[in-house]
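Here is the file work30.pdb (PDB, C-alpha atoms, pLDDT in the B column).
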MODEL        1
ATOM      1  CA  MET B   1     -18.454  17.545   3.442  1.00 44.00           C
ATOM      2  CA  ALA B   2     -17.146  14.410   1.719  1.00 60.00           C
ATOM      3  CA  ALA B   3     -14.039  12.766   3.127  1.00 74.00           C
ATOM      4  CA  ASP B   4     -10.805  12.776   1.163  1.00 92.00           C
ATOM      5  CA  TRP B   5      -9.703   9.241   0.383  1.00 97.00           C
ATOM      6  CA  GLN B   6      -7.493   7.241  -1.939  1.00 97.00           C
ATOM      7  CA  LEU B   7      -6.823   3.581  -2.620  1.00 98.00           C
ATOM      8  CA  LYS B   8      -4.325   1.875  -4.862  1.00 98.00           C
ATOM      9  CA  GLY B   9      -3.371  -1.735  -5.312  1.00 98.00           C
ATOM     10  CA  LEU B  10      -4.247  -4.815  -7.346  1.00 98.00           C
ATOM     11  CA  TYR B  11      -7.597  -5.969  -8.691  1.00 98.00           C
ATOM     12  CA  PHE B  12      -8.925  -8.912 -10.665  1.00 98.00           C
ATOM     13  CA  GLU B  13     -12.260 -10.260 -11.788  1.00 97.00           C
ATOM     14  CA  ALA B  14     -13.630 -13.528 -13.139  1.00 97.00           C
ATOM     15  CA  CYS B  15     -17.024 -14.172 -14.679  1.00 96.00           C
ATOM     16  CA  ASN B  16     -19.086 -16.727 -16.611  1.00 94.00           C
ATOM     17  CA  CYS B  17     -18.593 -15.191 -20.073  1.00 92.00           C
ATOM     18  CA  ASP B  18     -16.433 -16.732 -22.770  1.00 89.00           C
ATOM     19  CA  ALA B  19     -13.073 -14.992 -23.209  1.00 77.00           C
ATOM     20  CA  ALA B  20     -13.018 -12.136 -23.872  1.00 78.00           C
ATOM     21  CA  CYS B  21     -16.074 -10.969 -21.973  1.00 88.00           C
ATOM     22  CA  PRO B  22     -18.460  -8.969 -24.205  1.00 82.00           C
ATOM     23  CA  CYS B  23     -19.847  -7.018 -21.228  1.00 89.00           C
ATOM     24  CA  VAL B  24     -16.769  -4.786 -21.070  1.00 87.00           C
ATOM     25  CA  PHE B  25     -17.649  -3.610 -24.591  1.00 86.00           C
ATOM     26  CA  LEU B  26     -21.294  -2.979 -23.561  1.00 84.00           C
ATOM     27  CA  SER B  27     -22.544  -6.072 -25.393  1.00 88.00           C
ATOM     28  CA  PRO B  28     -24.866  -8.717 -23.910  1.00 88.00           C
ATOM     29  CA  PRO B  29     -23.220 -11.417 -21.746  1.00 89.00           C
ATOM     30  CA  THR B  30     -22.363 -14.709 -23.434  1.00 89.00           C
ATOM     31  CA  THR B  31     -25.083 -16.742 -21.710  1.00 87.00           C
ATOM     32  CA  GLY B  32     -27.651 -13.964 -21.309  1.00 89.00           C
ATOM     33  CA  GLU B  33     -26.727 -13.384 -17.668  1.00 91.00           C
ATOM     34  CA  CYS B  34     -23.565 -12.443 -15.811  1.00 92.00           C
ATOM     35  CA  THR B  35     -22.062 -13.847 -12.634  1.00 95.00           C
ATOM     36  CA  VAL B  36     -18.844 -12.150 -11.583  1.00 97.00           C
ATOM     37  CA  ILE B  37     -16.442 -12.103  -8.657  1.00 98.00           C
ATOM     38  CA  ILE B  38     -14.243  -9.014  -8.227  1.00 98.00           C
ATOM     39  CA  GLY B  39     -11.353  -8.912  -5.767  1.00 98.00           C
ATOM     40  CA  TRP B  40      -9.220  -5.975  -4.622  1.00 98.00           C
ATOM     41  CA  HIS B  41      -6.027  -5.893  -2.568  1.00 98.00           C
ATOM     42  CA  VAL B  42      -5.313  -2.436  -1.162  1.00 98.00           C
ATOM     43  CA  GLU B  43      -1.559  -1.888  -1.176  1.00 98.00           C
ATOM     44  CA  GLU B  44      -1.892   1.696   0.035  1.00 98.00           C
ATOM     45  CA  GLY B  45      -5.043   3.429   1.206  1.00 97.00           C
ATOM     46  CA  ASN B  46      -6.323   6.180   3.436  1.00 97.00           C
ATOM     47  CA  PHE B  47      -9.801   7.422   4.305  1.00 97.00           C
ATOM     48  CA  ALA B  48      -9.910  10.697   6.252  1.00 93.00           C
ATOM     49  CA  GLY B  49      -6.857   9.636   8.243  1.00 94.00           C
ATOM     50  CA  THR B  50      -7.798   5.960   8.597  1.00 97.00           C
ATOM     51  CA  ASP B  51      -5.121   3.691   7.108  1.00 98.00           C
ATOM     52  CA  LEU B  52      -6.568   1.016   4.802  1.00 98.00           C
ATOM     53  CA  SER B  53      -3.303  -0.492   3.553  1.00 98.00           C
ATOM     54  CA  GLY B  54      -3.063  -4.277   3.345  1.00 98.00           C
ATOM     55  CA  LEU B  55      -6.798  -4.975   3.377  1.00 98.00           C
ATOM     56  CA  ASN B  56      -8.854  -6.995   0.884  1.00 98.00           C
ATOM     57  CA  VAL B  57     -12.340  -6.543  -0.563  1.00 98.00           C
ATOM     58  CA  VAL B  58     -14.522  -8.845  -2.684  1.00 98.00           C
ATOM     59  CA  ARG B  59     -17.728  -8.220  -4.635  1.00 98.00           C
ATOM     60  CA  ALA B  60     -20.058 -10.935  -5.927  1.00 98.00           C
ATOM     61  CA  ILE B  61     -22.437  -9.705  -8.631  1.00 97.00           C
ATOM     62  CA  HIS B  62     -25.248 -11.320 -10.607  1.00 96.00           C
ATOM     63  CA  THR B  63     -27.181  -9.707 -13.455  1.00 94.00           C
ATOM     64  CA  PRO B  64     -30.064 -11.483 -15.247  1.00 91.00           C
ATOM     65  CA  GLY B  65     -29.328  -9.733 -18.534  1.00 90.00           C
ATOM     66  CA  HIS B  66     -27.322  -6.965 -20.194  1.00 89.00           C
ATOM     67  CA  MET B  67     -25.327  -5.302 -17.409  1.00 87.00           C
ATOM     68  CA  LEU B  68     -26.431  -1.782 -18.329  1.00 84.00           C
ATOM     69  CA  GLU B  69     -30.084  -2.681 -18.867  1.00 87.00           C
ATOM     70  CA  VAL B  70     -30.933  -4.537 -15.647  1.00 91.00           C
ATOM     71  CA  GLU B  71     -30.312  -3.976 -11.955  1.00 94.00           C
ATOM     72  CA  TRP B  72     -27.527  -5.945 -10.332  1.00 96.00           C
ATOM     73  CA  THR B  73     -27.764  -8.216  -7.308  1.00 97.00           C
ATOM     74  CA  ALA B  74     -24.569  -7.831  -5.285  1.00 97.00           C
ATOM     75  CA  ALA B  75     -22.883  -8.842  -2.051  1.00 98.00           C
ATOM     76  CA  LEU B  76     -19.871  -7.144  -0.469  1.00 98.00           C
ATOM     77  CA  TYR B  77     -17.188  -8.906   1.579  1.00 98.00           C
ATOM     78  CA  LEU B  78     -14.638  -7.080   3.722  1.00 98.00           C
ATOM     79  CA  ASP B  79     -11.427  -8.356   5.250  1.00 98.00           C
ATOM     80  CA  ASP B  80     -12.008  -9.508   8.822  1.00 98.00           C
ATOM     81  CA  LYS B  81      -8.589  -8.081   9.717  1.00 98.00           C
ATOM     82  CA  ALA B  82     -10.119  -4.601   9.401  1.00 98.00           C
ATOM     83  CA  ALA B  83     -10.895  -2.655  12.567  1.00 98.00           C
ATOM     84  CA  GLU B  84     -14.327  -1.045  12.887  1.00 97.00           C
ATOM     85  CA  ALA B  85     -13.194   2.288  11.462  1.00 98.00           C
ATOM     86  CA  GLN B  86     -11.502   0.550   8.538  1.00 98.00           C
ATOM     87  CA  SER B  87     -14.576  -1.585   7.785  1.00 98.00           C
ATOM     88  CA  ASP B  88     -16.771   1.508   7.905  1.00 97.00           C
ATOM     89  CA  ALA B  89     -14.457   3.325   5.494  1.00 97.00           C
ATOM     90  CA  LEU B  90     -14.320   0.421   3.032  1.00 98.00           C
ATOM     91  CA  THR B  91     -18.097   0.034   3.191  1.00 98.00           C
ATOM     92  CA  ARG B  92     -18.610   3.707   2.397  1.00 97.00           C
ATOM     93  CA  ILE B  93     -16.163   3.528  -0.517  1.00 97.00           C
ATOM     94  CA  PHE B  94     -17.341   0.297  -2.129  1.00 97.00           C
ATOM     95  CA  THR B  95     -21.054   0.988  -1.707  1.00 97.00           C
ATOM     96  CA  GLY B  96     -20.554   4.229  -3.595  1.00 95.00           C
ATOM     97  CA  GLN B  97     -21.323   6.660  -0.767  1.00 95.00           C
ATOM     98  CA  VAL B  98     -18.206   8.812  -1.264  1.00 95.00           C
ATOM     99  CA  GLY B  99     -17.838   9.028  -5.042  1.00 94.00           C
ATOM    100  CA  GLY B 100     -14.965   7.843  -7.202  1.00 93.00           C
ATOM    101  CA  SER B 101     -14.913   4.820  -9.508  1.00 94.00           C
ATOM    102  CA  PRO B 102     -16.612   2.430  -7.028  1.00 95.00           C
ATOM    103  CA  SER B 103     -19.692   4.673  -6.998  1.00 95.00           C
ATOM    104  CA  LYS B 104     -20.160   4.127 -10.740  1.00 92.00           C
ATOM    105  CA  LEU B 105     -20.330   0.365 -10.235  1.00 92.00           C
ATOM    106  CA  ALA B 106     -22.513   0.640  -7.128  1.00 94.00           C
ATOM    107  CA  ALA B 107     -25.020   2.779  -9.024  1.00 94.00           C
ATOM    108  CA  HIS B 108     -26.130  -0.335 -10.937  1.00 94.00           C
ATOM    109  CA  ILE B 109     -26.975  -2.341  -7.812  1.00 96.00           C
ATOM    110  CA  GLY B 110     -30.699  -2.807  -7.293  1.00 95.00           C
ATOM    111  CA  SER B 111     -30.651  -5.683  -4.828  1.00 96.00           C
ATOM    112  CA  ASP B 112     -28.023  -5.208  -2.118  1.00 96.00           C
ATOM    113  CA  LEU B 113     -27.347  -8.456  -0.256  1.00 97.00           C
ATOM    114  CA  GLY B 114     -25.355  -6.668   2.412  1.00 96.00           C
ATOM    115  CA  VAL B 115     -21.850  -6.678   3.834  1.00 98.00           C
ATOM    116  CA  ARG B 116     -20.019  -9.534   5.569  1.00 98.00           C
ATOM    117  CA  CYS B 117     -16.626  -9.378   7.292  1.00 98.00           C
ATOM    118  CA  LEU B 118     -14.786 -12.639   6.635  1.00 98.00           C
ATOM    119  CA  PRO B 119     -11.209 -13.914   6.149  1.00 98.00           C
ATOM    120  CA  ILE B 120     -10.096 -12.969   2.616  1.00 98.00           C
ATOM    121  CA  ASP B 121      -6.936 -14.425   1.094  1.00 98.00           C
ATOM    122  CA  PHE B 122      -5.902 -12.450  -2.016  1.00 98.00           C
ATOM    123  CA  ARG B 123      -2.860 -13.682  -3.904  1.00 98.00           C
ATOM    124  CA  ALA B 124      -0.940 -12.289  -6.870  1.00 98.00           C
ATOM    125  CA  LYS B 125       1.940 -14.372  -8.179  1.00 97.00           C
ATOM    126  CA  GLY B 126       3.378 -13.835 -11.643  1.00 96.00           C
ATOM    127  CA  LYS B 127       0.545 -14.100 -14.157  1.00 96.00           C
ATOM    128  CA  LYS B 128      -1.920 -15.626 -11.692  1.00 98.00           C
ATOM    129  CA  ARG B 129      -4.433 -14.055  -9.352  1.00 98.00           C
ATOM    130  CA  SER B 130      -6.632 -15.764  -6.773  1.00 98.00           C
ATOM    131  CA  VAL B 131      -8.963 -14.996  -3.920  1.00 98.00           C
ATOM    132  CA  THR B 132     -10.444 -17.262  -1.288  1.00 98.00           C
ATOM    133  CA  ILE B 133     -13.113 -16.738   1.357  1.00 98.00           C
ATOM    134  CA  PRO B 134     -13.574 -20.041   3.217  1.00 98.00           C
ATOM    135  CA  ASN B 135     -16.886 -21.728   2.339  1.00 97.00           C
ATOM    136  CA  VAL B 136     -17.935 -18.767   0.175  1.00 98.00           C
ATOM    137  CA  VAL B 137     -15.524 -17.897  -2.667  1.00 98.00           C
ATOM    138  CA  GLU B 138     -12.678 -19.662  -4.415  1.00 98.00           C
ATOM    139  CA  VAL B 139     -11.397 -18.182  -7.672  1.00 98.00           C
ATOM    140  CA  GLU B 140      -8.150 -18.429  -9.620  1.00 98.00           C
ATOM    141  CA  ILE B 141      -7.272 -16.930 -12.990  1.00 98.00           C
ATOM    142  CA  ALA B 142      -4.149 -16.908 -15.169  1.00 97.00           C
ATOM    143  CA  ALA B 143      -3.170 -14.559 -17.976  1.00 97.00           C
ATOM    144  CA  ILE B 144      -3.771 -15.742 -21.530  1.00 96.00           C
ATOM    145  CA  VAL B 145      -0.480 -16.101 -23.413  1.00 95.00           C
ATOM    146  CA  GLY B 146      -0.320 -13.685 -26.328  1.00 94.00           C
ATOM    147  CA  GLN B 147       2.060 -12.929 -29.179  1.00 95.00           C
ATOM    148  CA  GLY B 148       5.686 -13.503 -28.307  1.00 94.00           C
ATOM    149  CA  ASP B 149       4.580 -15.000 -24.976  1.00 94.00           C
ATOM    150  CA  GLY B 150       3.400 -11.559 -23.875  1.00 94.00           C
ATOM    151  CA  ASP B 151       0.154 -10.487 -22.259  1.00 95.00           C
ATOM    152  CA  VAL B 152      -3.102  -9.933 -24.115  1.00 95.00           C
ATOM    153  CA  THR B 153      -4.435  -6.570 -22.961  1.00 95.00           C
ATOM    154  CA  ILE B 154      -7.396  -4.311 -23.561  1.00 94.00           C
ATOM    155  CA  SER B 155      -7.600  -0.634 -22.719  1.00 94.00           C
ATOM    156  CA  GLY B 156     -10.203   2.078 -22.958  1.00 93.00           C
ATOM    157  CA  HIS B 157     -13.058  -0.420 -22.537  1.00 91.00           C
ATOM    158  CA  PRO B 158     -16.219   1.397 -21.452  1.00 89.00           C
ATOM    159  CA  LEU B 159     -17.294  -0.917 -18.593  1.00 90.00           C
ATOM    160  CA  CYS B 160     -14.127  -0.935 -16.540  1.00 92.00           C
ATOM    161  CA  VAL B 161     -13.361  -1.736 -12.892  1.00 96.00           C
ATOM    162  CA  ALA B 162      -9.931  -0.071 -12.971  1.00 96.00           C
ATOM    163  CA  PRO B 163     -10.044   2.963 -15.299  1.00 94.00           C
ATOM    164  CA  GLY B 164      -6.723   4.154 -16.644  1.00 94.00           C
ATOM    165  CA  HIS B 165      -5.035   0.748 -16.556  1.00 97.00           C
ATOM    166  CA  PRO B 166      -4.860  -1.785 -19.405  1.00 96.00           C
ATOM    167  CA  ALA B 167      -6.536  -5.024 -18.307  1.00 97.00           C
ATOM    168  CA  VAL B 168      -4.681  -8.291 -18.791  1.00 97.00           C
ATOM    169  CA  ALA B 169      -7.014 -10.822 -20.428  1.00 96.00           C
ATOM    170  CA  SER B 170      -7.074 -14.047 -18.465  1.00 97.00           C
ATOM    171  CA  ARG B 171      -8.920 -17.317 -18.094  1.00 96.00           C
ATOM    172  CA  SER B 172     -10.196 -18.899 -14.898  1.00 96.00           C
ATOM    173  CA  SER B 173      -9.161 -22.341 -13.743  1.00 96.00           C
ATOM    174  CA  HIS B 174     -12.169 -22.275 -11.425  1.00 95.00           C
ATOM    175  CA  LEU B 175     -14.748 -19.954  -9.905  1.00 97.00           C
ATOM    176  CA  ASN B 176     -16.836 -21.286  -7.031  1.00 98.00           C
ATOM    177  CA  TYR B 177     -19.293 -19.182  -5.044  1.00 98.00           C
ATOM    178  CA  THR B 178     -21.952 -20.148  -2.500  1.00 98.00           C
ATOM    179  CA  ASP B 179     -23.820 -17.572  -0.405  1.00 98.00           C
ATOM    180  CA  HIS B 180     -27.150 -15.740  -0.158  1.00 96.00           C
ATOM    181  CA  GLY B 181     -28.904 -18.648  -1.878  1.00 95.00           C
ATOM    182  CA  LEU B 182     -26.649 -18.339  -4.936  1.00 95.00           C
ATOM    183  CA  SER B 183     -24.325 -21.104  -6.127  1.00 96.00           C
ATOM    184  CA  TRP B 184     -21.909 -20.814  -9.054  1.00 96.00           C
ATOM    185  CA  GLU B 185     -19.380 -23.316 -10.355  1.00 96.00           C
ATOM    186  CA  ILE B 186     -17.482 -22.047 -13.397  1.00 94.00           C
ATOM    187  CA  THR B 187     -14.307 -23.109 -15.186  1.00 94.00           C
ATOM    188  CA  GLU B 188     -12.310 -21.904 -18.199  1.00 94.00           C
ATOM    189  CA  LYS B 189     -14.091 -18.569 -18.556  1.00 95.00           C
ATOM    190  CA  THR B 190     -13.102 -14.893 -18.637  1.00 95.00           C
ATOM    191  CA  GLY B 191     -10.845 -13.069 -16.229  1.00 97.00           C
ATOM    192  CA  PHE B 192      -9.050  -9.714 -16.158  1.00 97.00           C
ATOM    193  CA  PHE B 193      -6.485  -8.165 -13.838  1.00 98.00           C
ATOM    194  CA  SER B 194      -4.574  -4.908 -13.442  1.00 98.00           C
ATOM    195  CA  PRO B 195      -3.514  -2.351 -10.871  1.00 98.00           C
ATOM    196  CA  PHE B 196      -6.177   0.093  -9.703  1.00 98.00           C
ATOM    197  CA  ASN B 197      -6.191   3.665  -8.387  1.00 97.00           C
ATOM    198  CA  TYR B 198      -9.314   5.147  -6.827  1.00 97.00           C
ATOM    199  CA  ALA B 199      -9.819   8.512  -5.121  1.00 95.00           C
ATOM    200  CA  GLY B 200     -12.537  10.815  -3.955  1.00 87.00           C
ATOM    201  CA  PRO B 201     -14.485  12.936  -3.567  1.00 72.00           C
TER     202      PRO B 201
ENDMDL
END
Could the structure of this file be written out as structure tokens, please?
Amino acid sequence: MAADWQLKGLYFEACNCDAACPCVFLSPPTTGECTVIIGWHVEEGNFAGTDLSGLNVVRAIHTPGHMLEVEWTAALYLDDKAAEAQSDALTRIFTGQVGGSPSKLAAHIGSDLGVRCLPIDFRAKGKKRSVTIPNVVEVEIAAIVGQGDGDVTISGHPLCVAPGHPAVASRSSHLNYTDHGLSWEITEKTGFFSPFNYAGP
């Protein structure tokens, strides 16, 4: 029997596509491949009685072509503040073992680079989002200024990390990643952020 679980909090992503990323509309990536970092901060969460509130998760994903036509290579990073039961719960959720929205993303992964527990610093301040894993990930994005100084948002996009929430279109100041033999250095490219709500089974 699948465990009952729920997570809600803040998410953001940054990739190598020009703004706005065509992948979210099921079009080919700008450069023919996609490199993306996704970060989540769990404000409130519970997995079969295990409290997951306050923890952070990061995914690094590379696809050598259209995201729905090729298998993804992906690594998962969990907050080193998590106890063993919390890490196990987050692993089961974000590797797609217990259903919900994360399972739809995980279904595309063909090459799983594994899970590492490391210090993760997730920050959300005003229109900026950032995540840092020392010596592995450093990403910061800021919302694009729209009409009347408001946000530029998209909703209903078919390839979506946080279904049900309009995504705020953003641009990265930098995206640096080095691990598993991969090395990315990206500036001034696409980002999105929004709240997220996941639940299962």
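Evaluated against this file, the PyMOL selection byres ((chain B and resi 172) around 9) yields Ala14, Cys15, Val139, Glu140, Ile141, Ala142, Ala143, Ser170, Arg171, Ser173, His174, Leu175, Ile186, Thr187, Glu188, Lys189, Thr190 and Gly191 of chain B.
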Given the file shown, determine the residues that the PyMOL selection byres ((chain B and resi 197) around 6) selects; report them as a PyMOL selection string.
-> chain B and resi 7-8+196+198
Quote the spacing between atom CA of Ile120 of chain B and atom CA of Ala74 of chain B in Å to one decimal place.
->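 So the answer is 17.3 Å.
Take the PyMOL selection byres ((chain B and resi 84-87) around 9) and apply it to this file: it picks B:Phe47, B:Thr50, B:Asp51, B:Leu52, B:Leu55, B:Leu78, B:Asp79, B:Asp80, B:Ala82, B:Ala83, B:Asp88, B:Ala89, B:Leu90, B:Thr91, B:Arg92, B:Cys117.
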Determine the nearest neighbour of Gly65 of chain B from the options B:Val137, B:Ala162, B:Cys23, B:Ala169, counting all atoms listed in the file.
->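 Looking only at the distances to Gly65 of chain B, the closest residue turns out to be B:Cys23.
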Taking all listed atoms of segment 90-106 of chain B, build the axis-aligned box, pad each of the six sides by 8 Å, then write its centre and edge lengths in Å to one decimal as JSON.
{"center_x": -18.4, "center_y": 4.5, "center_z": -3.8, "size_x": 24.2, "size_y": 25.0, "size_z": 29.9}
Residue nearest Ala19 of chain B among B:Ala199, B:Ile144, B:Val42, B:Leu105 (counting all atoms listed in the file) | B:Ile144
Work out how far apart atom CA of Gly49 of chain B and atom CA of Val98 of chain B are and give it in Å to one decimal.
->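 That distance, rounded to one decimal, is 14.8 Å.
Going from atom CA of Ser101 of chain B to atom CA of Asn16 of chain B covers 23.1 Å.
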Neighbour list for Tyr77 of chain B as a compact mmCIF listing (two decimals) with C-alpha atoms, keeping the file's coordinate frame, cut-off 9 Å, only C-alpha atoms, skip fewer than 6 positions in-chain:
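Resulting contents of part.txt:
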# COMPACT_ATOMS: atom_id res chain seq x y z
CA ASN B 56 -8.85 -7.00 0.88
CA VAL B 57 -12.34 -6.54 -0.56
CA VAL B 58 -14.52 -8.85 -2.68
CA ARG B 59 -17.73 -8.22 -4.64
CA ALA B 60 -20.06 -10.94 -5.93
CA GLY B 114 -25.36 -6.67 2.41
CA VAL B 115 -21.85 -6.68 3.83
CA ARG B 116 -20.02 -9.53 5.57
CA CYS B 117 -16.63 -9.38 7.29
CA LEU B 118 -14.79 -12.64 6.64
CA ILE B 120 -10.10 -12.97 2.62
CA ILE B 133 -13.11 -16.74 1.36
Option closest in space to Glu185 of chain B, from B:Val136, B:Pro29, B:Trp5, B:Thr63 [counting all atoms listed in the file] =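 Nearest to Glu185 of chain B: B:Val136.
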Excluding same-chain residues fewer than 2 positions from Thr73 of chain B, what lies within 10 Å of it counting only C-alpha atoms, as a PDB file with C-alpha atoms, keeping the file's coordinate frame?
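Final file, result-v2.pdb:
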ATOM      1  CA  THR B  35     -22.062 -13.847 -12.634  1.00 95.00           C
ATOM      2  CA  ALA B  60     -20.058 -10.935  -5.927  1.00 98.00           C
ATOM      3  CA  ILE B  61     -22.437  -9.705  -8.631  1.00 97.00           C
ATOM      4  CA  HIS B  62     -25.248 -11.320 -10.607  1.00 96.00           C
ATOM      5  CA  THR B  63     -27.181  -9.707 -13.455  1.00 94.00           C
ATOM      6  CA  PRO B  64     -30.064 -11.483 -15.247  1.00 91.00           C
ATOM      7  CA  VAL B  70     -30.933  -4.537 -15.647  1.00 91.00           C
ATOM      8  CA  GLU B  71     -30.312  -3.976 -11.955  1.00 94.00           C
ATOM      9  CA  ALA B  75     -22.883  -8.842  -2.051  1.00 98.00           C
ATOM     10  CA  HIS B 108     -26.130  -0.335 -10.937  1.00 94.00           C
ATOM     11  CA  ILE B 109     -26.975  -2.341  -7.812  1.00 96.00           C
ATOM     12  CA  GLY B 110     -30.699  -2.807  -7.293  1.00 95.00           C
ATOM     13  CA  SER B 111     -30.651  -5.683  -4.828  1.00 96.00           C
ATOM     14  CA  ASP B 112     -28.023  -5.208  -2.118  1.00 96.00           C
ATOM     15  CA  LEU B 113     -27.347  -8.456  -0.256  1.00 97.00           C
TER      16      LEU B 113
END
Give the answer as one residue: which of B:Gly100, B:Gly32, B:Gly9, B:Gly181 has the shortest atom-to-atom distance to Glu44 of chain B, using only C-alpha atoms?
->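 Nearest candidate to Glu44 of chain B out of B:Gly100, B:Gly32, B:Gly9, B:Gly181: B:Gly9.
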Smallest atom-to-atom distance to Ala124 of chain B: which of B:Ser53, B:Thr178, B:Ser194, B:Gln97, using all atoms listed in the file?
-> B:Ser194
Thr30 of chain B: which residues within 8 Å, counting all atoms listed in the file, same-chain residues fewer than 4 positions away excluded, as a VMD selection string?
-> chain B and resid 16 to 18 21 to 22
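By all atoms listed in the file, and with residues fewer than 4 positions from His165 of chain B along its chain excluded, the set lying at most 10 Å from it is Thr153, Ile154, Ser155, Gly156, Cys160, Val161, Phe193, Ser194, Pro195, Phe196 and Asn197 of chain B.
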Put those residues in a file: C-alpha atoms, as an mmCIF file, keeping the file's coordinate frame.
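Below is the file that was written, out_25.cif:
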data_model
loop_
_atom_site.group_PDB
_atom_site.id
_atom_site.type_symbol
_atom_site.label_atom_id
_atom_site.label_comp_id
_atom_site.auth_asym_id
_atom_site.auth_seq_id
_atom_site.Cartn_x
_atom_site.Cartn_y
_atom_site.Cartn_z
ATOM 1 C CA THR B 153 -4.435 -6.570 -22.961
ATOM 2 C CA ILE B 154 -7.396 -4.311 -23.561
ATOM 3 C CA SER B 155 -7.600 -0.634 -22.719
ATOM 4 C CA GLY B 156 -10.203 2.078 -22.958
ATOM 5 C CA CYS B 160 -14.127 -0.935 -16.540
ATOM 6 C CA VAL B 161 -13.361 -1.736 -12.892
ATOM 7 C CA PHE B 193 -6.485 -8.165 -13.838
ATOM 8 C CA SER B 194 -4.574 -4.908 -13.442
ATOM 9 C CA PRO B 195 -3.514 -2.351 -10.871
ATOM 10 C CA PHE B 196 -6.177 0.093 -9.703
ATOM 11 C CA ASN B 197 -6.191 3.665 -8.387
#
Can you spit out segment 145-157 of chain B with N, CA and C atoms, as a PDB file, in the first residue's frame, from the structure just given?
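Produced file selection-v2.pdb, reproduced below:
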ATOM      1  N   VAL B 145      10.952  41.818 -15.658  1.00  0.00           N
ATOM      2  CA  VAL B 145       9.985  42.891 -15.394  1.00  0.00           C
ATOM      3  C   VAL B 145       9.031  43.005 -16.571  1.00  0.00           C
ATOM      4  N   GLY B 146       7.735  42.908 -16.280  1.00  0.00           N
ATOM      5  CA  GLY B 146       6.726  42.953 -17.326  1.00  0.00           C
ATOM      6  C   GLY B 146       5.995  44.287 -17.374  1.00  0.00           C
ATOM      7  N   GLN B 147       4.821  44.278 -17.975  1.00  0.00           N
ATOM      8  CA  GLN B 147       4.022  45.484 -18.126  1.00  0.00           C
ATOM      9  C   GLN B 147       3.666  46.051 -16.756  1.00  0.00           C
ATOM     10  N   GLY B 148       3.792  47.359 -16.633  1.00  0.00           N
ATOM     11  CA  GLY B 148       3.473  48.020 -15.385  1.00  0.00           C
ATOM     12  C   GLY B 148       4.336  47.552 -14.234  1.00  0.00           C
ATOM     13  N   ASP B 149       5.549  47.111 -14.548  1.00  0.00           N
ATOM     14  CA  ASP B 149       6.503  46.597 -13.553  1.00  0.00           C
ATOM     15  C   ASP B 149       6.022  45.317 -12.874  1.00  0.00           C
ATOM     16  N   GLY B 150       5.044  44.646 -13.480  1.00  0.00           N
ATOM     17  CA  GLY B 150       4.555  43.397 -12.914  1.00  0.00           C
ATOM     18  C   GLY B 150       5.337  42.197 -13.415  1.00  0.00           C
ATOM     19  N   ASP B 151       4.926  41.027 -12.949  1.00  0.00           N
ATOM     20  CA  ASP B 151       5.568  39.783 -13.373  1.00  0.00           C
ATOM     21  C   ASP B 151       5.097  39.378 -14.764  1.00  0.00           C
ATOM     22  N   VAL B 152       5.957  38.649 -15.458  1.00  0.00           N
ATOM     23  CA  VAL B 152       5.588  37.951 -16.690  1.00  0.00           C
ATOM     24  C   VAL B 152       5.315  36.506 -16.290  1.00  0.00           C
ATOM     25  N   THR B 153       4.125  36.013 -16.541  1.00  0.00           N
ATOM     26  CA  THR B 153       3.784  34.661 -16.108  1.00  0.00           C
ATOM     27  C   THR B 153       3.259  33.822 -17.268  1.00  0.00           C
ATOM     28  N   ILE B 154       3.427  32.504 -17.103  1.00  0.00           N
ATOM     29  CA  ILE B 154       2.796  31.566 -18.024  1.00  0.00           C
ATOM     30  C   ILE B 154       2.034  30.553 -17.183  1.00  0.00           C
ATOM     31  N   SER B 155       0.948  30.055 -17.717  1.00  0.00           N
ATOM     32  CA  SER B 155       0.174  29.049 -16.993  1.00  0.00           C
ATOM     33  C   SER B 155      -0.370  28.043 -17.994  1.00  0.00           C
ATOM     34  N   GLY B 156      -0.641  26.859 -17.498  1.00  0.00           N
ATOM     35  CA  GLY B 156      -1.179  25.808 -18.354  1.00  0.00           C
ATOM     36  C   GLY B 156      -0.158  25.197 -19.282  1.00  0.00           C
ATOM     37  N   HIS B 157       1.127  25.488 -19.110  1.00  0.00           N
ATOM     38  CA  HIS B 157       2.152  24.940 -20.004  1.00  0.00           C
ATOM     39  C   HIS B 157       2.250  23.430 -19.775  1.00  0.00           C
TER      40      HIS B 157
END
